[in-house]
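The file query_17.pdb comes next; it holds PDB, C-alpha atoms, pLDDT in the B column.
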ATOM      1  CA  LEU A  60       7.889   7.403  -0.752  1.00 88.00           C
ATOM      2  CA  GLY A  61       4.591   6.226  -2.225  1.00 91.00           C
ATOM      3  CA  PHE A  62       2.391   7.934   0.340  1.00 93.00           C
ATOM      4  CA  SER A  63       4.509  11.088   0.142  1.00 94.00           C
ATOM      5  CA  CYS A  64       3.905  11.242  -3.610  1.00 94.00           C
ATOM      6  CA  TYR A  65       0.216  10.580  -3.081  1.00 94.00           C
ATOM      7  CA  SER A  66       0.000  13.293  -0.416  1.00 95.00           C
ATOM      8  CA  ILE A  67       1.569  15.890  -2.700  1.00 94.00           C
ATOM      9  CA  TYR A  68      -0.802  14.830  -5.480  1.00 95.00           C
ATOM     10  CA  ASN A  69      -3.917  15.113  -3.297  1.00 95.00           C
ATOM     11  CA  ILE A  70      -2.914  18.387  -1.629  1.00 95.00           C
ATOM     12  CA  CYS A  71      -2.198  20.076  -4.945  1.00 95.00           C
ATOM     13  CA  PHE A  72      -5.383  18.799  -6.582  1.00 94.00           C
ATOM     14  CA  TYR A  73      -7.455  19.854  -3.585  1.00 94.00           C
ATOM     15  CA  ALA A  74      -5.887  23.177  -2.626  1.00 94.00           C
ATOM     16  CA  SER A  75      -3.860  24.577  -5.527  1.00 94.00           C
ATOM     17  CA  PRO A  76      -5.752  27.072  -7.754  1.00 94.00           C
ATOM     18  CA  THR A  77      -3.108  26.628 -10.452  1.00 92.00           C
ATOM     19  CA  VAL A  78      -3.566  22.873 -10.580  1.00 93.00           C
ATOM     20  CA  GLN A  79      -7.346  23.181 -10.458  1.00 93.00           C
ATOM     21  CA  SER A  80      -7.343  25.657 -13.343  1.00 93.00           C
ATOM     22  CA  SER A  81      -5.069  23.419 -15.385  1.00 92.00           C
ATOM     23  CA  TYR A  82      -7.323  20.454 -14.705  1.00 92.00           C
ATOM     24  CA  LYS A  83     -10.400  22.381 -15.838  1.00 91.00           C
ATOM     25  CA  ARG A  84      -8.700  23.375 -19.095  1.00 90.00           C
ATOM     26  CA  ARG A  85      -8.041  19.728 -19.878  1.00 89.00           C
ATOM     27  CA  ASN A  86     -11.463  18.457 -18.839  1.00 87.00           C
ATOM     28  CA  ASN A  87     -13.951  20.871 -20.399  1.00 86.00           C
ATOM     29  CA  GLY A  88     -14.318  22.983 -17.286  1.00 87.00           C
ATOM     30  CA  LYS A  89     -15.073  20.071 -14.960  1.00 87.00           C
ATOM     31  CA  THR A  90     -13.615  20.088 -11.448  1.00 90.00           C
ATOM     32  CA  ASN A  91     -11.524  17.203 -10.102  1.00 90.00           C
ATOM     33  CA  LEU A  92     -12.956  14.719  -7.616  1.00 89.00           C
ATOM     34  CA  VAL A  93     -10.188  14.898  -5.007  1.00 92.00           C
ATOM     35  CA  THR A  94     -11.825  15.632  -1.644  1.00 90.00           C
ATOM     36  CA  LEU A  95     -10.663  16.484   1.870  1.00 92.00           C
ATOM     37  CA  ASN A  96     -10.834  12.873   3.024  1.00 91.00           C
ATOM     38  CA  ASP A  97      -8.359  11.946   0.264  1.00 92.00           C
ATOM     39  CA  VAL A  98      -5.933  14.527   1.628  1.00 95.00           C
ATOM     40  CA  PHE A  99      -6.417  13.298   5.199  1.00 95.00           C
ATOM     41  CA  PHE A 100      -5.957   9.654   4.195  1.00 92.00           C
ATOM     42  CA  SER A 101      -2.680  10.263   2.384  1.00 94.00           C
ATOM     43  CA  LEU A 102      -1.256  12.497   5.141  1.00 95.00           C
ATOM     44  CA  HIS A 103      -2.312  10.015   7.820  1.00 95.00           C
ATOM     45  CA  ALA A 104      -0.706   7.120   5.933  1.00 93.00           C
ATOM     46  CA  THR A 105       2.491   9.123   5.396  1.00 95.00           C
ATOM     47  CA  THR A 106       2.722   9.978   9.104  1.00 95.00           C
ATOM     48  CA  VAL A 107       2.096   6.430  10.308  1.00 94.00           C
ATOM     49  CA  THR A 108       4.591   5.013   7.799  1.00 93.00           C
ATOM     50  CA  ALA A 109       7.210   7.532   8.924  1.00 93.00           C
ATOM     51  CA  LEU A 110       6.664   6.511  12.556  1.00 94.00           C
ATOM     52  CA  THR A 111       7.044   2.852  11.576  1.00 89.00           C
ATOM     53  CA  ILE A 112      10.318   3.609   9.789  1.00 87.00           C
ATOM     54  CA  ALA A 113      11.527   5.512  12.857  1.00 88.00           C
ATOM     55  CA  GLN A 114      10.820   2.475  15.031  1.00 86.00           C
ATOM     56  CA  VAL A 115      12.937   0.330  12.725  1.00 81.00           C
ATOM     57  CA  PHE A 116      15.953   2.517  13.443  1.00 80.00           C
ATOM     58  CA  LEU A 117      15.228   3.229  17.116  1.00 83.00           C
ATOM     59  CA  LEU A 118      14.465  -0.312  18.309  1.00 79.00           C
ATOM     60  CA  ARG A 119      17.414  -2.643  18.679  1.00 72.00           C
ATOM     61  CA  TYR A 120      16.916  -6.000  17.009  1.00 70.00           C
ATOM     62  CA  ASP A 121      18.253  -8.013  14.103  1.00 73.00           C
ATOM     63  CA  ARG A 122      16.546  -6.721  10.993  1.00 70.00           C
ATOM     64  CA  GLU A 123      16.798  -7.458   7.312  1.00 74.00           C
ATOM     65  CA  PRO A 124      18.635  -4.694   5.447  1.00 78.00           C
ATOM     66  CA  VAL A 125      16.904  -2.766   2.700  1.00 79.00           C
ATOM     67  CA  SER A 126      17.836  -4.256  -0.662  1.00 84.00           C
ATOM     68  CA  ARG A 127      19.795  -2.404  -3.310  1.00 88.00           C
ATOM     69  CA  LEU A 128      16.908  -2.946  -5.676  1.00 88.00           C
ATOM     70  CA  CYS A 129      14.613  -1.026  -3.339  1.00 88.00           C
ATOM     71  CA  PHE A 130      17.100   1.825  -2.980  1.00 89.00           C
ATOM     72  CA  SER A 131      17.574   1.910  -6.749  1.00 92.00           C
ATOM     73  CA  PHE A 132      13.843   2.068  -7.372  1.00 91.00           C
ATOM     74  CA  CYS A 133      13.393   4.883  -4.838  1.00 91.00           C
ATOM     75  CA  ALA A 134      16.277   6.830  -6.347  1.00 93.00           C
ATOM     76  CA  PHE A 135      14.859   6.371  -9.845  1.00 94.00           C
ATOM     77  CA  ALA A 136      11.406   7.482  -8.697  1.00 93.00           C
ATOM     78  CA  ILE A 137      12.693  10.639  -7.009  1.00 93.00           C
ATOM     79  CA  VAL A 138      14.910  11.599  -9.949  1.00 95.00           C
ATOM     80  CA  SER A 139      12.102  10.930 -12.421  1.00 94.00           C
ATOM     81  CA  VAL A 140       9.777  13.336 -10.574  1.00 93.00           C
ATOM     82  CA  PHE A 141      12.350  16.132 -10.849  1.00 92.00           C
ATOM     83  CA  VAL A 142      12.933  15.304 -14.515  1.00 94.00           C
ATOM     84  CA  CYS A 143       9.205  15.522 -15.178  1.00 92.00           C
ATOM     85  CA  TYR A 144       8.999  18.820 -13.318  1.00 90.00           C
ATOM     86  CA  THR A 145      11.696  20.353 -15.513  1.00 90.00           C
ATOM     87  CA  ALA A 146      10.589  18.692 -18.759  1.00 90.00           C
ATOM     88  CA  PHE A 147       6.848  19.403 -18.661  1.00 87.00           C
ATOM     89  CA  GLU A 148       5.462  22.916 -18.736  1.00 84.00           C
ATOM     90  CA  ASP A 149       2.287  21.915 -16.908  1.00 88.00           C
ATOM     91  CA  VAL A 150       2.777  20.839 -13.289  1.00 91.00           C
ATOM     92  CA  LEU A 151      -0.295  18.632 -13.683  1.00 92.00           C
ATOM     93  CA  ASP A 152       1.779  16.122 -15.647  1.00 92.00           C
ATOM     94  CA  THR A 153       4.333  15.938 -12.843  1.00 93.00           C
ATOM     95  CA  LEU A 154       1.597  15.317 -10.285  1.00 94.00           C
ATOM     96  CA  TYR A 155       0.114  12.542 -12.394  1.00 94.00           C
ATOM     97  CA  TRP A 156       3.562  10.947 -12.678  1.00 94.00           C
ATOM     98  CA  ALA A 157       4.025  11.147  -8.897  1.00 94.00           C
ATOM     99  CA  SER A 158       0.658   9.442  -8.423  1.00 94.00           C
ATOM    100  CA  TYR A 159       1.689   6.663 -10.817  1.00 95.00           C
ATOM    101  CA  ILE A 160       4.751   6.052  -8.652  1.00 95.00           C
ATOM    102  CA  LYS A 161       2.423   5.474  -5.701  1.00 94.00           C
ATOM    103  CA  LEU A 162       0.311   3.090  -7.781  1.00 94.00           C
ATOM    104  CA  ALA A 163       3.419   1.162  -8.867  1.00 94.00           C
ATOM    105  CA  ILE A 164       4.677   0.860  -5.272  1.00 93.00           C
ATOM    106  CA  THR A 165       1.278  -0.379  -4.090  1.00 93.00           C
ATOM    107  CA  THR A 166       1.252  -3.016  -6.816  1.00 92.00           C
ATOM    108  CA  ILE A 167       4.799  -4.135  -6.104  1.00 92.00           C
ATOM    109  CA  LYS A 168       4.420  -4.381  -2.319  1.00 90.00           C
ATOM    110  CA  TYR A 169       1.677  -7.032  -2.506  1.00 92.00           C
ATOM    111  CA  ILE A 170       3.493  -9.418  -4.851  1.00 93.00           C
ATOM    112  CA  PRO A 171       6.166 -10.808  -2.436  1.00 91.00           C
ATOM    113  CA  GLN A 172       3.539 -11.709   0.185  1.00 91.00           C
ATOM    114  CA  ALA A 173       1.292 -13.411  -2.357  1.00 93.00           C
ATOM    115  CA  TYR A 174       4.271 -15.390  -3.660  1.00 93.00           C
ATOM    116  CA  MET A 175       5.451 -16.300  -0.150  1.00 92.00           C
ATOM    117  CA  ASN A 176       1.991 -17.599   0.751  1.00 91.00           C
ATOM    118  CA  TYR A 177       1.987 -19.664  -2.439  1.00 91.00           C
ATOM    119  CA  SER A 178       5.483 -21.083  -1.993  1.00 92.00           C
ATOM    120  CA  ARG A 179       4.883 -21.949   1.695  1.00 89.00           C
ATOM    121  CA  GLU A 180       1.332 -23.124   1.000  1.00 88.00           C
ATOM    122  CA  SER A 181       0.307 -21.262   4.127  1.00 88.00           C
ATOM    123  CA  THR A 182      -0.835 -17.836   5.305  1.00 86.00           C
ATOM    124  CA  THR A 183       0.473 -18.294   8.852  1.00 85.00           C
ATOM    125  CA  GLY A 184       1.630 -14.997  10.314  1.00 82.00           C
ATOM    126  CA  TRP A 185      -0.309 -12.906   7.807  1.00 80.00           C
ATOM    127  CA  SER A 186      -3.017 -10.782   9.433  1.00 84.00           C
ATOM    128  CA  MET A 187      -6.274 -11.546   7.654  1.00 87.00           C
ATOM    129  CA  GLY A 188      -8.062  -8.932   9.737  1.00 90.00           C
ATOM    130  CA  ASN A 189      -5.877  -6.304   8.090  1.00 90.00           C
ATOM    131  CA  VAL A 190      -6.649  -7.825   4.679  1.00 93.00           C
ATOM    132  CA  VAL A 191     -10.398  -7.576   5.275  1.00 93.00           C
ATOM    133  CA  LEU A 192     -10.046  -3.956   6.386  1.00 93.00           C
ATOM    134  CA  ASP A 193      -7.896  -3.178   3.361  1.00 92.00           C
ATOM    135  CA  PHE A 194     -10.483  -4.749   1.065  1.00 95.00           C
ATOM    136  CA  SER A 195     -13.247  -2.732   2.726  1.00 94.00           C
ATOM    137  CA  GLY A 196     -11.249   0.459   2.315  1.00 91.00           C
ATOM    138  CA  GLY A 197     -10.624  -0.210  -1.364  1.00 92.00           C
ATOM    139  CA  LEU A 198     -14.282  -0.994  -1.978  1.00 94.00           C
ATOM    140  CA  LEU A 199     -15.504   2.116  -0.170  1.00 92.00           C
ATOM    141  CA  SER A 200     -12.951   4.243  -2.005  1.00 91.00           C
ATOM    142  CA  LEU A 201     -14.270   3.060  -5.368  1.00 91.00           C
ATOM    143  CA  LEU A 202     -17.861   3.550  -4.257  1.00 92.00           C
ATOM    144  CA  GLN A 203     -17.096   7.090  -3.122  1.00 91.00           C
ATOM    145  CA  LEU A 204     -15.535   7.858  -6.493  1.00 90.00           C
ATOM    146  CA  LEU A 205     -18.616   6.551  -8.274  1.00 90.00           C
ATOM    147  CA  VAL A 206     -20.997   8.432  -5.969  1.00 91.00           C
ATOM    148  CA  ASP A 207     -19.036  11.669  -6.416  1.00 88.00           C
ATOM    149  CA  GLY A 208     -19.075  11.246 -10.181  1.00 86.00           C
ATOM    150  CA  SER A 209     -22.797  10.544 -10.171  1.00 86.00           C
ATOM    151  CA  SER A 210     -23.813  13.329  -7.776  1.00 84.00           C
ATOM    152  CA  THR A 211     -21.843  15.963  -9.689  1.00 81.00           C
ATOM    153  CA  ASN A 212     -22.672  14.512 -13.112  1.00 84.00           C
ATOM    154  CA  ASN A 213     -18.943  14.381 -13.672  1.00 84.00           C
ATOM    155  CA  TRP A 214     -18.140  10.846 -14.766  1.00 84.00           C
ATOM    156  CA  GLY A 215     -14.995  12.134 -16.427  1.00 82.00           C
ATOM    157  CA  GLY A 216     -13.693  12.918 -12.953  1.00 82.00           C
ATOM    158  CA  ILE A 217     -13.115   9.197 -12.449  1.00 83.00           C
ATOM    159  CA  ILE A 218     -10.761   9.157 -15.413  1.00 83.00           C
ATOM    160  CA  GLY A 219      -9.290  12.439 -14.190  1.00 84.00           C
ATOM    161  CA  ASN A 220      -8.349  10.774 -10.885  1.00 88.00           C
ATOM    162  CA  PRO A 221      -6.947   7.462 -12.177  1.00 90.00           C
ATOM    163  CA  VAL A 222      -4.700   6.782  -9.194  1.00 92.00           C
ATOM    164  CA  LYS A 223      -7.584   6.592  -6.712  1.00 91.00           C
ATOM    165  CA  PHE A 224      -9.450   4.161  -8.948  1.00 91.00           C
ATOM    166  CA  GLY A 225      -6.267   2.186  -9.545  1.00 93.00           C
ATOM    167  CA  LEU A 226      -5.346   1.980  -5.852  1.00 93.00           C
ATOM    168  CA  GLY A 227      -8.790   0.721  -4.926  1.00 92.00           C
ATOM    169  CA  PHE A 228      -8.797  -1.862  -7.696  1.00 93.00           C
ATOM    170  CA  VAL A 229      -5.257  -3.131  -7.018  1.00 95.00           C
ATOM    171  CA  SER A 230      -5.882  -3.400  -3.266  1.00 94.00           C
ATOM    172  CA  MET A 231      -9.115  -5.346  -3.760  1.00 95.00           C
ATOM    173  CA  PHE A 232      -7.504  -7.612  -6.372  1.00 96.00           C
ATOM    174  CA  PHE A 233      -4.663  -8.716  -4.100  1.00 95.00           C
ATOM    175  CA  ASP A 234      -6.891  -8.878  -1.020  1.00 95.00           C
ATOM    176  CA  ILE A 235      -9.128 -11.341  -2.869  1.00 95.00           C
ATOM    177  CA  ILE A 236      -6.026 -13.423  -3.663  1.00 95.00           C
ATOM    178  CA  PHE A 237      -5.005 -13.387   0.019  1.00 94.00           C
ATOM    179  CA  MET A 238      -8.498 -14.398   1.169  1.00 93.00           C
ATOM    180  CA  ILE A 239      -8.627 -17.241  -1.364  1.00 93.00           C
ATOM    181  CA  GLN A 240      -5.218 -18.432  -0.176  1.00 92.00           C
ATOM    182  CA  HIS A 241      -6.256 -18.211   3.476  1.00 91.00           C
ATOM    183  CA  PHE A 242      -9.785 -19.623   3.410  1.00 90.00           C
ATOM    184  CA  VAL A 243      -9.805 -21.857   0.311  1.00 90.00           C
ATOM    185  CA  LEU A 244      -6.376 -23.040  -0.799  1.00 89.00           C
ATOM    186  CA  PHE A 245      -4.371 -23.468   2.420  1.00 84.00           C
ATOM    187  CA  PRO A 246      -6.731 -23.716   5.454  1.00 81.00           C
ATOM    188  CA  SER A 247      -5.446 -27.147   6.570  1.00 64.00           C
ATOM    189  CA  LYS A 248      -1.850 -26.089   6.066  1.00 58.00           C
ATOM    190  CA  ARG A 249      -2.477 -23.064   8.251  1.00 52.00           C
ATOM    191  CA  ASP A 250      -3.859 -25.152  11.102  1.00 50.00           C
ATOM    192  CA  SER A 251      -1.123 -27.771  10.913  1.00 49.00           C
ATOM    193  CA  ILE A 252       1.652 -25.205  10.910  1.00 46.00           C
ATOM    194  CA  LEU A 253       0.127 -23.456  13.884  1.00 47.00           C
ATOM    195  CA  THR A 254       0.017 -26.764  15.741  1.00 48.00           C
ATOM    196  CA  ASP A 255       3.614 -27.593  14.829  1.00 49.00           C
ATOM    197  CA  ASP A 256       4.825 -24.157  15.882  1.00 49.00           C
ATOM    198  CA  SER A 257       3.082 -24.397  19.251  1.00 47.00           C
ATOM    199  CA  GLY A 258       4.580 -27.856  19.785  1.00 49.00           C
ATOM    200  CA  ASP A 259       8.064 -26.576  19.015  1.00 51.00           C
ATOM    201  CA  ASP A 260       7.577 -23.682  21.420  1.00 48.00           C
ATOM    202  CA  GLN A 261       6.504 -26.067  24.176  1.00 47.00           C
ATOM    203  CA  GLU A 262       9.522 -28.323  23.600  1.00 53.00           C
ATOM    204  CA  GLU A 263      11.833 -25.305  23.713  1.00 51.00           C
ATOM    205  CA  LEU A 264      10.315 -24.121  26.979  1.00 41.00           C
ATOM    206  CA  ILE A 265      10.625 -27.586  28.514  1.00 42.00           C
ATOM    207  CA  GLN A 266      14.262 -27.811  27.418  1.00 53.00           C
ATOM    208  CA  ARG A 267      15.072 -24.404  28.906  1.00 46.00           C
ATOM    209  CA  SER A 268      13.347 -25.319  32.174  1.00 42.00           C
ATOM    210  CA  THR A 269      15.353 -28.565  32.379  1.00 44.00           C
ATOM    211  CA  GLU A 270      18.596 -26.693  31.774  1.00 48.00           C
ATOM    212  CA  ASP A 271      17.748 -24.174  34.512  1.00 42.00           C
ATOM    213  CA  ILE A 272      17.064 -27.008  36.969  1.00 40.00           C
ATOM    214  CA  ASP A 273      20.380 -28.695  36.110  1.00 45.00           C
ATOM    215  CA  HIS A 274      22.277 -25.466  36.669  1.00 46.00           C
ATOM    216  CA  ALA A 275      20.527 -24.951  40.002  1.00 42.00           C
TER     217      ALA A 275
END

Since I need it in another form, could you write the structure as structure tokens?
Amino acid sequence: LGFSCYSIYNICFYASPTVQSSYKRRNNGKTNLVTLNDVFFSLHATTVTALTIAQVFLLRYDREPVSRLCFSFCAFAIVSVFVCYTAFEDVLDTLYWASYIKLAITTIKYIPQAYMNYSRESTTGWSMGNVVLDFSGGLLSLLQLLVDGSSTNNWGGIIGNPVKFGLGFVSMFFDIIFMIQHFVLFPSKRDSILTDDSGDDQEELIQRSTEDIDHA
């Protein structure tokens, strides 16, 4: 849902003459700073997320059901976009609202993992390589926004594209929290849990082997 909203936002800002004209009227004739790579990023993320969701339904395994709270939030978000579309005369306001939905989802999705790491006092099972890449992406996204604003002498374009700035900032903020948890707060816990898990796995394998021998 979040990436779909972000894709619609980027495509319209990049390719729609109506949206571009409306943006210029509000920003003293300045053009927006949405570029082709923004469109590609959002479409790529939407496609990969859709494939991941498809795997959830196609692969047979015990999975945790989607909560009612999640369904309720998605329903509210979708309905709110249609309400904005009918309530506001300018489609630009609807697109901004859709982008804020993406920003809210990005903020919400990090919180459970940060809390789980804190409550378990461990980051075991959490891919820090992905965190580092996410942090790099957020940093480069902010730098690109600043470079675009500087090269076009359009610093107002940063304010005119608040979701890109917000996504980069939120991602970097939580990634820093994850790295502090992993490398500073819980490094010993991580190692000990890994050792305990490997020991449990070995005991389970030994027990299964013994049972197979007894049956033979």

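You can rank A:Ser66, A:Ser126, A:Thr182, A:Thr77 by their closest distance to His241 of chain A using all atoms listed in the file, and at the top of that list sits A:Thr182.
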
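Among the candidates A:Leu192, A:Leu205, A:Met231, A:Ala136, the one nearest to Ala163 of chain A when counting only C-alpha atoms is A:Ala136.
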
For atom CA of Phe228 of chain A and atom CA of Ser200 of chain A, quote the distance in Å rounded to one decimal. 9.3 Å

With a distance cut-off of 10 Å and only C-alpha atoms, select the neighbouring residues of Pro246 of chain A, excluding the residue or stretch itself and same-chain residues fewer than 4 positions from it, and output the selection as a ChimeraX atom specification. /A:180-183,239-242,250-251

Protein and nucleic acid residues near (-13.9, 13.8, -8.6) (cut-off 7 Å, all atoms listed in the file) as a list in words: Thr90, Asn91, Leu92, Val93, Leu204, Asp207, Gly208, Gly216, Ile217 and Asn220 of chain A

Convert the output of the PyMOL selection byres ((chain A and resi 105) around 10) on the shown file into explicit residues, formatted as a list of chain:residue names. A:Leu60, A:Gly61, A:Phe62, A:Ser63, A:Cys64, A:Tyr65, A:Ser66, A:Phe99, A:Phe100, A:Ser101, A:Leu102, A:His103, A:Ala104, A:Thr106, A:Val107, A:Thr108, A:Ala109, A:Leu110, A:Thr111

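Compared by their closest atoms to Ile167 of chain A, and using only C-alpha atoms, the residues A:Leu95, A:Leu226, A:Val138, A:Ile235 rank with A:Leu226 nearest.
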
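For the pair atom CA of Ser209 of chain A and atom CA of Ile67 of chain A, the separation is 26.0 Å.
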
Find the residue from A:Ile70, A:Ser75, A:Gly225, A:Tyr82 that sits nearest to Leu162 of chain A; use all atoms listed in the file when measuring. A:Gly225

Excluding Gln172 of chain A and residues on its chain fewer than 4 positions from it, collect all residues at most 9 Å away from it, counting only C-alpha atoms, and give them as an MDAnalysis selection string. chainID A and resid 168 176:177 185 237

Atom CA of Ile170 of chain A and atom CA of Phe233 of chain A are how many Å apart? 8.2 Å

Of A:Val222, A:Ile160, A:Met175, A:Val150, the one nearest to Ile137 of chain A when counting only C-alpha atoms is A:Ile160

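Between Phe132 of chain A and the residues A:Ile164, A:Pro171, A:Ser158, A:Ile236, the shortest atom-to-atom distance, using only C-alpha atoms, involves A:Ile164.
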